Each structure stands twice: as C-alpha cells, then as structure tokens.
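S.K.: Starting off with a structure, shown below.
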Amino acid sequence: MEKYLVTKEEIESYEGLEKTHFLNSNARRLNKSFPAIRVRKFAE
C-alpha cells in the first residue's frame, strides 16, 4: 500500500479562507483547500 504525507509545516504555509458559521458568528474556521498540494509518495 502506498502512503501520502503532507507535513504540518506545509499545511500551515498554505493560505486559507476565513469562514464564519451562518447561525453562530462565534463559530469561525480557516478553510484550506488541498487539491493544489503536491504530495510526497512513500512506500511502506
């Protein structure tokens, strides 16, 4: 089985889109999209 790894540092380096829940303005998140990420392929 092949494994794919995206490091914490790589994830943190990507910009995200700040979103607020439509019913609760205190519920906020940073939405990050990963399709453009190049993943490193590792064998088991």
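In the structure tokens, chains take letters A, B, ... by order of appearance, with residues numbered from 1 within each chain and ligands from 1 in the order shown.
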Got a sec: who's within 9 Å of A:Glu15, counting only C-alpha atoms, leaving out chain neighbours fewer than 2 positions off, as a list of chain:residue names?
M.R.: A:Ile11, A:Glu12, A:Ser13, A:Leu17, A:Leu30, A:Asn31, A:Lys32, A:Ser33
